[in-house]
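Colleague: What follows is the file run-v7.pdb, containing PDB, C-alpha atoms, pLDDT in the B column:
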```pdb
ATOM      1  CA  MET E 604      52.575-108.563  54.854  1.00 52.00           C
ATOM      2  CA  PRO E 605      55.911-108.882  53.159  1.00 58.00           C
ATOM      3  CA  GLU E 606      57.682-105.709  52.067  1.00 68.00           C
ATOM      4  CA  VAL E 607      58.156-105.396  48.305  1.00 66.00           C
ATOM      5  CA  LYS E 608      61.522-104.124  47.134  1.00 69.00           C
ATOM      6  CA  SER E 609      61.482-101.692  44.277  1.00 69.00           C
ATOM      7  CA  ILE E 610      63.920-101.931  41.426  1.00 80.00           C
ATOM      8  CA  PHE E 611      64.054 -98.166  41.310  1.00 77.00           C
ATOM      9  CA  ARG E 612      66.199 -96.301  43.718  1.00 80.00           C
ATOM     10  CA  GLU E 613      64.780 -93.165  45.285  1.00 77.00           C
ATOM     11  CA  VAL E 614      66.801 -90.032  44.513  1.00 76.00           C
ATOM     12  CA  LEU E 615      66.269 -86.760  46.351  1.00 74.00           C
ATOM     13  CA  PRO E 616      68.102 -83.637  45.189  1.00 73.00           C
ATOM     14  CA  LYS E 617      70.255 -81.813  47.672  1.00 77.00           C
ATOM     15  CA  GLN E 618      69.571 -78.362  46.080  1.00 78.00           C
ATOM     16  CA  GLY E 619      66.879 -76.724  43.952  1.00 72.00           C
ATOM     17  CA  GLN E 620      63.240 -77.473  43.580  1.00 65.00           C
ATOM     18  CA  LEU E 621      61.897 -80.777  44.574  1.00 64.00           C
ATOM     19  CA  PHE E 622      58.518 -80.332  42.887  1.00 66.00           C
ATOM     20  CA  PHE E 623      57.213 -77.853  40.311  1.00 63.00           C
ATOM     21  CA  GLU E 624      53.573 -77.535  39.319  1.00 73.00           C
ATOM     22  CA  ASP E 625      52.570 -75.311  36.395  1.00 77.00           C
ATOM     23  CA  VAL E 626      49.598 -73.338  37.644  1.00 80.00           C
ATOM     24  CA  PRO E 627      47.675 -71.437  34.953  1.00 83.00           C
ATOM     25  CA  THR E 628      47.416 -67.762  35.772  1.00 86.00           C
ATOM     26  CA  MET E 629      45.084 -65.136  34.425  1.00 86.00           C
ATOM     27  CA  VAL E 630      46.496 -62.918  31.725  1.00 86.00           C
ATOM     28  CA  LEU E 631      44.943 -59.491  31.543  1.00 89.00           C
ATOM     29  CA  CYS E 632      44.404 -57.972  28.122  1.00 89.00           C
ATOM     30  CA  LYS E 633      42.985 -54.719  26.809  1.00 89.00           C
ATOM     31  CA  PRO E 634      39.264 -54.367  27.411  1.00 87.00           C
ATOM     32  CA  LYS E 635      37.168 -54.509  24.282  1.00 87.00           C
ATOM     33  CA  LEU E 636      34.666 -51.692  24.062  1.00 86.00           C
ATOM     34  CA  LEU E 637      31.284 -52.853  22.923  1.00 83.00           C
ATOM     35  CA  PRO E 638      28.798 -50.425  21.427  1.00 80.00           C
ATOM     36  CA  LEU E 639      25.807 -49.604  23.580  1.00 85.00           C
ATOM     37  CA  LYS E 640      23.542 -50.034  20.568  1.00 85.00           C
ATOM     38  CA  SER E 641      23.898 -52.582  17.840  1.00 89.00           C
ATOM     39  CA  VAL E 642      24.309 -51.498  14.230  1.00 89.00           C
ATOM     40  CA  THR E 643      20.928 -52.986  13.373  1.00 92.00           C
ATOM     41  CA  LEU E 644      19.215 -51.052  16.158  1.00 92.00           C
ATOM     42  CA  GLU E 645      20.840 -47.815  14.983  1.00 92.00           C
ATOM     43  CA  LYS E 646      19.640 -48.459  11.407  1.00 95.00           C
ATOM     44  CA  MET E 647      16.104 -49.141  12.601  1.00 95.00           C
ATOM     45  CA  GLU E 648      16.079 -45.970  14.721  1.00 95.00           C
ATOM     46  CA  LYS E 649      17.310 -43.963  11.722  1.00 96.00           C
ATOM     47  CA  MET E 650      14.546 -45.435   9.548  1.00 97.00           C
ATOM     48  CA  GLN E 651      12.004 -44.583  12.266  1.00 97.00           C
ATOM     49  CA  ARG E 652      13.210 -40.963  12.464  1.00 97.00           C
ATOM     50  CA  GLU E 653      13.073 -40.623   8.660  1.00 97.00           C
ATOM     51  CA  ALA E 654       9.539 -42.054   8.569  1.00 97.00           C
ATOM     52  CA  GLU E 655       8.416 -39.674  11.327  1.00 97.00           C
ATOM     53  CA  ALA E 656       9.973 -36.712   9.470  1.00 97.00           C
ATOM     54  CA  THR E 657       8.186 -37.739   6.251  1.00 96.00           C
ATOM     55  CA  ILE E 658       4.843 -38.034   8.054  1.00 96.00           C
ATOM     56  CA  HIS E 659       5.403 -34.646   9.703  1.00 96.00           C
ATOM     57  CA  GLN E 660       6.123 -33.027   6.312  1.00 96.00           C
ATOM     58  CA  GLN E 661       3.033 -34.636   4.788  1.00 95.00           C
ATOM     59  CA  GLU E 662       0.861 -33.363   7.645  1.00 95.00           C
ATOM     60  CA  LEU E 663       2.245 -29.838   7.241  1.00 94.00           C
ATOM     61  CA  ALA E 664       1.601 -29.947   3.488  1.00 94.00           C
ATOM     62  CA  ARG E 665      -1.961 -31.161   4.089  1.00 93.00           C
ATOM     63  CA  ARG E 666      -2.588 -28.376   6.616  1.00 92.00           C
ATOM     64  CA  VAL E 667      -1.232 -25.767   4.210  1.00 91.00           C
ATOM     65  CA  GLN E 668      -3.488 -27.097   1.444  1.00 90.00           C
ATOM     66  CA  GLU E 669      -6.506 -27.091   3.748  1.00 88.00           C
ATOM     67  CA  SER E 670      -5.827 -23.581   4.939  1.00 87.00           C
ATOM     68  CA  ALA E 671      -5.275 -22.422   1.337  1.00 84.00           C
ATOM     69  CA  GLY E 672      -8.529 -24.136   0.310  1.00 79.00           C
ATOM     70  CA  LYS E 673     -10.473 -22.530   3.158  1.00 75.00           C
ATOM     71  CA  SER E 674      -9.095 -19.068   2.488  1.00 69.00           C
ATOM     72  CA  GLY E 675      -9.919 -19.486  -1.221  1.00 58.00           C
ATOM     73  CA  LYS E 676     -13.501 -20.505  -0.419  1.00 56.00           C
ATOM     74  CA  GLU E 677     -13.882 -17.629   2.013  1.00 52.00           C
ATOM     75  CA  SER E 678     -12.716 -15.144  -0.595  1.00 49.00           C
ATOM     76  CA  GLU E 679     -15.274 -16.552  -3.048  1.00 52.00           C
ATOM     77  CA  GLU E 680     -18.025 -16.119  -0.476  1.00 51.00           C
ATOM     78  CA  PHE E 681     -17.270 -12.449  -0.065  1.00 52.00           C
ATOM     79  CA  LEU E 682     -17.113 -11.717  -3.777  1.00 53.00           C
ATOM     80  CA  PRO E 683     -20.411 -10.471  -5.235  1.00 54.00           C
ATOM     81  CA  HIS E 684     -22.043 -12.772  -7.742  1.00 53.00           C
ATOM     82  CA  GLN E 685     -21.964 -11.526 -11.255  1.00 55.00           C
ATOM     83  CA  ASP E 686     -24.946 -12.605 -13.426  1.00 50.00           C
TER      84      ASP E 686
END
```
Can I see the file as structure tokens?
Modeller:
Amino acid sequence: MPEVKSIFREVLPKQGQLFFEDVPTMVLCKPKLLPLKSVTLEKMEKMQREAEATIHQQELARRVQESAGKSGKESEEFLPHQD
């Protein structure tokens, strides 16, 4: 096989770098703190707590009314009938 002559002449430097490859490196940045709970989840939990508090207040009011109604009926039972 015949040897092909190149029109370019090979040049090798006597000093310095012969080859340089740009290797991407990792760049560290500040960590971003993410919330443990999303805003939507926090809103839903707040709504749940408010609903539970409202139900609790309604139950207390109902119990107070029932106890007031019972004590009123009991007092009527003990009063003598006037004809």
Colleague: Just give me the gap between atom CA of E:Met647 and atom CA of E:Gln661 in Å, one decimal is fine.
Modeller: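 Spanning atom CA of E:Met647 to atom CA of E:Gln661 is a straight-line distance of 21.0 Å.
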Colleague: To one decimal in Å, tell me the separation between atom CA of E:Ala654 and atom CA of E:Ser670.
Modeller: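 Result for atom CA of E:Ala654 versus atom CA of E:Ser670: 24.3 Å, one decimal.
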Colleague: So what do you get for atom CA of E:Val642 versus atom CA of E:Gln660, distance-wise?
Modeller: 27.1 Å
